[in-house]
Each structure stands twice: as structure tokens, then as C-alpha cells.
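A.B. asks: Handing you a structure now.
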Number of protein chains: 2
Amino acid sequence: MHPNDGFRELRRQECLRLLAKVPFGRIVYTRRALPAVLPVNFSLDADDAVLLRTAAGSELVRAIDGAVVAFEADDVDAARQSGWNVVVTGPATVVTDPAEHERLSRTGPVSWVPSVQEVFVRIEPELVTGRELIGGRTMYGVDLTA
Amino acid sequence: MHPNDGFRELRRQECLRLLAKVPFGRIVYTRRALPAVLPVNFSLDADDAVLLRTAAGSELVRAIDGAVVAFEADDVDAARQSGWNVVVTGPATVVTDPAEHERLSRTGPVSWVPSVQEVFVRIEPELVTGRELIGGRTMYGVDLTA
């Protein structure tokens, strides 16, 4: 993409600042060799890892533990055709250390749909990318690039 | 998932009805062997295929033409912890037939960020799944399943 194609690339710190403002995103992974995506609430750890909390025996946990996944969040105003999106890509791992689990029980995300047995999943922020949509078309549908 | 875990599975027709109400979603695919996700505006064709319109030479087109992809849309109210999400999974193909391209130029989605050369991409609605989040936790953080 060239600089004036309607998008602005966001720096890592901008991405993380925007991520911290939204309560949920979407985890993108592979399920039975097919692309899969699921909305989940989350929080950011002090080291910028994405933290999820979910049922211990869930299909999601089985599919993502040890795999590289993407986590996406966005905030788009369709009427103004503006907004942003951020993607964190990195390995997902279930937190098995009891002390770490205990810490996250106090400081981590709270399930919207609680289960009896829950686990925390960390997504390492190896790659953090994002872009801002700054609008390419006027309100009157004029193609600015024609 | 069992029926009262806070989610309700949506039927295909419910999913398609909800999809038709939102202006954009997220295409989920594989890029350089990594999971990738990108917000895009879209429309539904008469046969329920998801239609995207994007730059002819884009990285997105190269990555998804001929591949099975997922397309996700959702509408979640974080404060009420309620909402829905829908995922369409199927093969994506660039529309190469000139008559079909011409038809979609009139009836298909309009780019938010127009390019000089644009193509339409169809995602066949082979698998259409969705669920409604009906809330599992009260406002006071009481774990209803404990």
C-alpha cells in the first residue's frame, strides 16, 4: 500500500494503546484445517500479552494451545468510513503455573460466560500491526482515484 | 456447548438475516502460513455469497483467490454482554467473467477506499454458523455457574 491509499499504518505503541480501549476482539485460528474466528473479551497483561479466559475443556483451548494465532480488534464507524484495526499475532499458551493462574484470577479478564473450570490463555505479542482507515471516498460516492 | 451455557446457536437463515444488517465484517485467511484477518465492507449476493470489492493487485486477492476463507461479522454490546456473531466459511474466488463483473459493478458493494482497478471476490456460503450471546453473568459479577 502506498501512503495515500486511504490507510495509515499504526506503530506498535499506537496499536497497543487502541487495543487497551476496547473490551473484546476476535481470536483467529485453525480448526479442523479450516480458518476459524470467535469473538472473545480480553485484557492486556503488563507485558502487552493478550489474555483470554475460557472454559478449561473447550474446543477453543484444544485448538489454540501451542499454536500461532491472530487476535484482532477494531473500531469502525461505517457511516464515516473511518476507524482502526489492530492484529496481534503470536503463540497462544494455556497458563498452567498455579501462581500465574492465581495472579491472573485477580488481575486478568473476567468471563462474560463463566464456566466451573476456567483457564487463562496468553497470546504473546510477537507481531503487533494495525492501520487507521482515513476514508477514500467522499460522502457523494465520487471515486477520488478515477 | 450445552444449551444453557450463555449462547444460543443460530440457524442459517437467522445468520444470513443478521449479516444483511451490518455494513462490514472481517475476512480470515492465511498469509505466509500465519493466520490473518482484515476488516472489509461487503454485501450479500442473491444466492447468499459474500461479496467483497478490492484492489486488483492486492496482497489480499493473491492470498485468498482459490482458498477456503472465513468471513466474520458481529454486533456485540459489551456493556450488556450480549450480541451475536456469524461466520461464513467457503472458497473465495475472484470474479473473472466480464458480464458477472459488470453486474456486480451495478449491484455489488462499493469500495470504501477505491482503487483504479478493482475486482470482486465471492465467498461461497458453504458453511454458515452463528451464535447469540445471551449473557451469563449478572451486573454484579456473580458467577451463576459456581
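Chains: A, B, ... in order of the C-alpha cells. Residues: from 1 per chain. Ligands: from 1, in order shown.
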Would you please extract all alpha helix (DSSP H) residues from region 17-73 of chain B, as assigned by DSSP on the backbone, and give them as a PyMOL selection string?

C.D. replies: chain B and resi 17-19+59-64

A.B. asks: Using only C-alpha atoms, tabulate the residues of region 70-128 of chain A lying at most 10 Å from any atom of region 100-116 of chain B, each with its closest atom pair and that distance in Å to one decimal, by chain and increasing residue number, as a tab-separated table.

C.D. replies:
residue	atom	partner	partner_atom	distance
A:Ala78	CA	B:Trp112	CA	9.2
A:Arg80	CA	B:Trp112	CA	9.7
A:Gln81	CA	B:Trp112	CA	6.5
A:Ser82	CA	B:Trp112	CA	9.1

A.B. asks: Can those selected residues be exported to a file as a PDB file, in the first residue's frame so that it contains N, CA, C and O atoms?

C.D. replies:
ATOM      1  N   ALA A  78     -19.010   2.932  10.262  1.00  0.00           N
ATOM      2  CA  ALA A  78     -19.356   2.654   8.866  1.00  0.00           C
ATOM      3  C   ALA A  78     -19.903   3.891   8.174  1.00  0.00           C
ATOM      4  O   ALA A  78     -19.649   4.110   6.988  1.00  0.00           O
ATOM      5  N   ARG A  80     -19.085   7.007   8.646  1.00  0.00           N
ATOM      6  CA  ARG A  80     -17.989   7.913   8.281  1.00  0.00           C
ATOM      7  C   ARG A  80     -16.882   7.197   7.508  1.00  0.00           C
ATOM      8  O   ARG A  80     -15.910   7.827   7.085  1.00  0.00           O
ATOM      9  N   GLN A  81     -17.003   5.890   7.393  1.00  0.00           N
ATOM     10  CA  GLN A  81     -15.967   5.086   6.735  1.00  0.00           C
ATOM     11  C   GLN A  81     -14.601   5.402   7.316  1.00  0.00           C
ATOM     12  O   GLN A  81     -13.624   5.649   6.594  1.00  0.00           O
ATOM     13  N   SER A  82     -14.547   5.405   8.637  1.00  0.00           N
ATOM     14  CA  SER A  82     -13.273   5.657   9.309  1.00  0.00           C
ATOM     15  C   SER A  82     -13.173   4.738  10.513  1.00  0.00           C
ATOM     16  O   SER A  82     -14.170   4.186  10.977  1.00  0.00           O
TER      17      SER A  82
END

A.B. asks: From the options A:Gly25, A:Asn41, A:Pro35, A:Arg131, which residue's atoms come nearest to Val68 (chain B), counting only C-alpha atoms?

C.D. replies: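 Comparing A:Gly25, A:Asn41, A:Pro35, A:Arg131 against Val68 (chain B), the winner is A:Pro35.
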
A.B. asks: Please provide as a list of chain:residue names all residues within 12 Å of Arg62 (chain A), with the sequence filter that same-chain residues fewer than 6 positions apart are discarded (counting only C-alpha atoms).

C.D. replies: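 That gives A:Tyr29, A:Thr30, A:Arg31, A:Arg32, A:Thr54, A:Ala55, A:Ala56, A:Ala92, A:Thr93, A:Val94, A:Val119, A:Val121.
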
A.B. asks: How would the residues just chosen look if you wrote them out with N, CA and C atoms as an mmCIF file, in the first residue's frame?

C.D. replies:
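Ended up saving to selection_31.cif:
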data_model
loop_
_atom_site.group_PDB
_atom_site.id
_atom_site.type_symbol
_atom_site.label_atom_id
_atom_site.label_comp_id
_atom_site.auth_asym_id
_atom_site.auth_seq_id
_atom_site.Cartn_x
_atom_site.Cartn_y
_atom_site.Cartn_z
ATOM 1 N N TYR A 29 -7.948 -18.554 14.335
ATOM 2 C CA TYR A 29 -7.135 -19.759 14.486
ATOM 3 C C TYR A 29 -7.563 -20.784 13.446
ATOM 4 N N THR A 30 -6.999 -21.964 13.544
ATOM 5 C CA THR A 30 -7.332 -23.028 12.600
ATOM 6 C C THR A 30 -8.066 -24.137 13.352
ATOM 7 N N ARG A 31 -9.214 -24.536 12.810
ATOM 8 C CA ARG A 31 -9.995 -25.599 13.441
ATOM 9 C C ARG A 31 -10.302 -26.643 12.378
ATOM 10 N N ARG A 32 -9.840 -27.836 12.584
ATOM 11 C CA ARG A 32 -10.011 -28.920 11.599
ATOM 12 C C ARG A 32 -9.589 -28.449 10.215
ATOM 13 N N THR A 54 -11.274 -18.681 29.481
ATOM 14 C CA THR A 54 -12.296 -19.503 28.846
ATOM 15 C C THR A 54 -12.430 -20.849 29.565
ATOM 16 N N ALA A 55 -13.418 -21.635 29.152
ATOM 17 C CA ALA A 55 -13.671 -22.929 29.788
ATOM 18 C C ALA A 55 -12.496 -23.870 29.548
ATOM 19 N N ALA A 56 -12.106 -24.599 30.600
ATOM 20 C CA ALA A 56 -10.897 -25.431 30.551
ATOM 21 C C ALA A 56 -10.951 -26.467 29.429
ATOM 22 N N ALA A 92 -0.143 -18.916 21.221
ATOM 23 C CA ALA A 92 -1.089 -18.934 22.341
ATOM 24 C C ALA A 92 -0.725 -20.104 23.260
ATOM 25 N N THR A 93 -0.728 -19.851 24.562
ATOM 26 C CA THR A 93 -0.462 -20.946 25.501
ATOM 27 C C THR A 93 -1.398 -20.820 26.695
ATOM 28 N N VAL A 94 -1.875 -21.978 27.141
ATOM 29 C CA VAL A 94 -2.676 -22.022 28.364
ATOM 30 C C VAL A 94 -1.741 -21.820 29.549
ATOM 31 N N VAL A 119 -9.623 -21.510 32.392
ATOM 32 C CA VAL A 119 -8.186 -21.334 32.220
ATOM 33 C C VAL A 119 -7.932 -19.969 31.580
ATOM 34 N N VAL A 121 -5.535 -17.960 28.833
ATOM 35 C CA VAL A 121 -4.698 -18.162 27.656
ATOM 36 C C VAL A 121 -3.946 -16.867 27.401
#

A.B. asks: Which neighbours of Leu18 (chain B) fall inside 12 Å, counting only C-alpha atoms, when residues of the same chain fewer than 3 positions from it are skipped, and could you give them as an MDAnalysis selection string?

C.D. replies: chainID B and resid 10:15 21:25 44 72:75 83:87 128:132
